[in-house]
Amino acid sequence: MLSTGPASARACAYASPGLSQPKSCLPAAAISLRCVPMTNRVVNFNAGPSGLPLAALERAQKEFLDFQGTGMSIMEHSHRGKDYEAVHNEAIALMTELLGVPDTHQVLLLQGGASHQFAMLPMNLRTDEHAGDYVITGAWSQKAFEEAKIVGKPAVAADTSVEGKFSRVPKQAELKLSPNAPYVHITSNNTIFGTQFFDFPTTGNVPLIADMSSDILWRPTDVSKFGMIYAGAQKNIGPSGVTVVIMRKDLIEKSRKDIPKVLRYSTHAKENSLYNTAPTFAIYMVRNVLAVLKEQGGLPAIEKQNRKKGEILYAAIDGSGGYYKCPVEKDSRSVMNVVFRLPSEAQEDKFVSEAKKAGMVGLKGHRSVGGIRVSMYNAVSVDGVQKLVGFMDSFKKANG
């Protein structure tokens, strides 16, 4: 039987670097698991789920067993209770504040990831004749288009692929837009191929919809230009399990009613995203992350750091004399996901392996394209990127 002593005597306390480490946990005979105190955190370049701000994790650590004196974890609270509801509403308020979401739009916290939105979007907004114009710039926008084909009749507004690969986003003049389309869909940043929109398309009276899963919150964004923005949380917002949808209220109201209630945006908007049991702990962590971004100076400060990281890494690639090669056209190069190749796949494997030994993880490119991918979301520091650049220089000298 487990000890029934005070929580402080029974729980593992994980100390931050530089602090004394805990010397006692649950008695070894009582449980099979052992406490492993945190020592060194790696530089996490994973594409998603990705790293979270340390301060957000430490806040969760502090509140994990006893949330604000309630005697239980936030994970144990009812999603209908006032204690959780306060966290829920704070997450929405922080998102509204950081992005400057206007009164014309509503923030929703949904489940199913961005892939669920690939289907939910056309189900709600399609007409009998049209299920949206799609700008295809990578694997995820292609998947969104394929889902729309199942429920309606979408059209391709642009496709920048060449032999199955993508190295740029299209210019405005390349777009073939339908005046009667219910929306135009883009993927603002492409995690696999490393391309990104820096100037968004102009779509006239047709609502612009953006999957911003991998670059939301990287810089200030004029939300009023979009009919809807959606983003899986697991890159810049929080952990996996929750998806942020920011949608124009008039589109919510006009969305279709001939689909199941749980798939209607209007259902979730009416119930403040509490129609069914919300992913409460994921939303709690979103609240923590957004609070950290606010404390760091908001999105103008975050953008400054992100652009600096991009400048440092791309300078190292371009200055390598061709040892490191980025296949993306310069005006489409992503600041969030930087991709490059080495002279051989064997060297790329060695690069990933030795980087891991040096405390840097998540550098292997997507299995569909290979190479190296460096995901530099908001939680990745400038120091972390400088450490990688130093490693790249040393690796080139030893293997070039």
# chains A, B, ... in the order shown; residues from 1 in each chain; ligands from 1
$ residues_around --residues "Val107 in chain A" --least-positions-apart "2" --cutoff "10 Å" --atoms "only C-alpha atoms" --output "PyMOL selection string"
chain A and resi 91-93+95-96+101+105+109-110+228-230+244-249+269+272-273
$ closest_atom_pairs --of "range 207-297 of chain A" --to "range 55-65 of chain A" --cutoff "8 Å" --atoms "only C-alpha atoms" --output "Markdown table"
| residue | atom | partner | partner_atom | distance |
| --- | --- | --- | --- | --- |
| A:Met285 | CA | A:Ala56 | CA | 7.1 |
| A:Asn288 | CA | A:Ala56 | CA | 4.9 |
| A:Val289 | CA | A:Ala56 | CA | 5.4 |
| A:Val292 | CA | A:Ala56 | CA | 6.6 |
$ closest_residue --among "A:Gln305, A:Ser394, A:Ser381, A:Thr137" --to "Asn44 in chain A" --atoms "only C-alpha atoms"
A:Ser381
$ residues_around --residues "Phe67 in chain A" --least-positions-apart "5" --cutoff "12 Å" --atoms "only C-alpha atoms" --output "VMD selection string"
chain A and resid 59 to 62 72 to 77 83 to 84 87 281 284
$ select_by_dssp --residues "range 132-315 of chain A" --states "helix (DSSP H, G or I)" --output "ChimeraX atom specification"
/A:139-151,172-174,223-225,249-254,261-263,265-270,280-295,298-315
$ select_by_dssp --residues "range 190-387 of chain A" --states "strand (DSSP E)" --output "list in words"
Asn190, Thr195, Gln196, Leu208, Ile209, Ala210, Asp211, Met228, Ile229, Tyr230, Ala231, Gly232, Thr243, Val244, Val245, Ile246, Met247, Arg248, Asn337, Val338, Val339, Phe340, Met360, Val361, Ile372, Arg373, Val374 and Ser375 of chain A
$ residues_around --residues "Ser375 in chain A" --least-positions-apart "5" --cutoff "9 Å" --atoms "only C-alpha atoms" --output "number ranges by chain"
A: 44-48, 50, 191, 335-339, 362-363, 380
$ closest_atom_pairs --of "range 92-177 of chain A" --to "range 312-332 of chain A" --cutoff "8 Å" --atoms "only C-alpha atoms" --output "Markdown table"
| residue | atom | partner | partner_atom | distance |
| --- | --- | --- | --- | --- |
| A:Phe166 | CA | A:Val328 | CA | 7.9 |
| A:Ser167 | CA | A:Val328 | CA | 4.5 |
| A:Arg168 | CA | A:Ser332 | CA | 5.2 |
| A:Val169 | CA | A:Ser332 | CA | 6.1 |
$ closest_residue --among "A:Ala148, A:Val262, A:Val242, A:Met212" --to "Val286 in chain A" --atoms "only C-alpha atoms"
A:Val242
$ residues_around --residues "Thr267 in chain A" --least-positions-apart "6" --cutoff "12 Å" --atoms "only C-alpha atoms" --output "short mmCIF file (atom, residue, chain, number, x, y, z; two decimals) with N, CA and C atoms, in the first residue's frame"
data_model
loop_
_atom_site.label_atom_id
_atom_site.label_comp_id
_atom_site.auth_asym_id
_atom_site.auth_seq_id
_atom_site.Cartn_x
_atom_site.Cartn_y
_atom_site.Cartn_z
N LEU A 108 -12.32 29.60 -30.59
CA LEU A 108 -12.83 28.30 -30.18
C LEU A 108 -11.66 27.39 -29.82
N LEU A 110 -11.03 23.48 -29.77
CA LEU A 110 -11.63 22.24 -30.22
C LEU A 110 -10.64 21.07 -30.13
N ASN A 124 -18.85 22.49 -43.02
CA ASN A 124 -19.59 23.63 -42.52
C ASN A 124 -19.82 24.73 -43.56
N ILE A 252 -19.67 31.66 -38.76
CA ILE A 252 -20.21 30.69 -37.81
C ILE A 252 -21.72 30.60 -37.95
N GLU A 253 -22.36 31.75 -38.04
CA GLU A 253 -23.81 31.80 -38.10
C GLU A 253 -24.36 31.20 -39.40
N SER A 255 -22.86 28.87 -41.23
CA SER A 255 -22.39 27.51 -41.50
C SER A 255 -23.56 26.53 -41.52
N ARG A 256 -23.37 25.42 -42.20
CA ARG A 256 -24.46 24.49 -42.47
C ARG A 256 -24.99 23.86 -41.19
N LYS A 257 -26.29 23.55 -41.23
CA LYS A 257 -26.95 22.91 -40.09
C LYS A 257 -27.36 21.46 -40.40
N ILE A 259 -25.48 18.90 -40.73
CA ILE A 259 -24.40 17.99 -40.33
C ILE A 259 -24.56 17.73 -38.82
N PRO A 260 -23.95 16.67 -38.29
CA PRO A 260 -24.09 16.39 -36.86
C PRO A 260 -23.70 17.58 -35.98
N LYS A 261 -24.37 17.74 -34.86
CA LYS A 261 -24.16 18.90 -33.99
C LYS A 261 -22.72 19.07 -33.55
N SER A 273 -17.04 26.59 -26.38
CA SER A 273 -16.15 25.43 -26.56
C SER A 273 -16.26 24.42 -25.42
N LEU A 274 -17.42 24.38 -24.78
CA LEU A 274 -17.66 23.43 -23.70
C LEU A 274 -18.92 22.59 -23.97
N TYR A 275 -19.19 22.35 -25.25
CA TYR A 275 -20.35 21.52 -25.61
C TYR A 275 -20.17 20.11 -25.07
N ASN A 276 -18.96 19.58 -25.22
CA ASN A 276 -18.62 18.28 -24.65
C ASN A 276 -17.36 18.46 -23.80
#
$ closest_residue --among "A:Glu146, A:Glu85, A:Asp211, A:Asp133" --to "Asn180 in chain A" --atoms "only C-alpha atoms"
A:Asp133
$ atom_distance --atom1 "CA of Pro102 in chain A" --atom2 "CA of Ala86 in chain A"
21.3 Å
$ closest_residue --among "A:Ser178, A:Asn399, A:Ser353, A:Gln296" --to "Pro53 in chain A" --atoms "only C-alpha atoms"
A:Gln296
$ closest_residue --among "A:Tyr265, A:Thr104, A:Ser213, A:Phe197" --to "Ala231 in chain A" --atoms "only C-alpha atoms"
A:Ser213
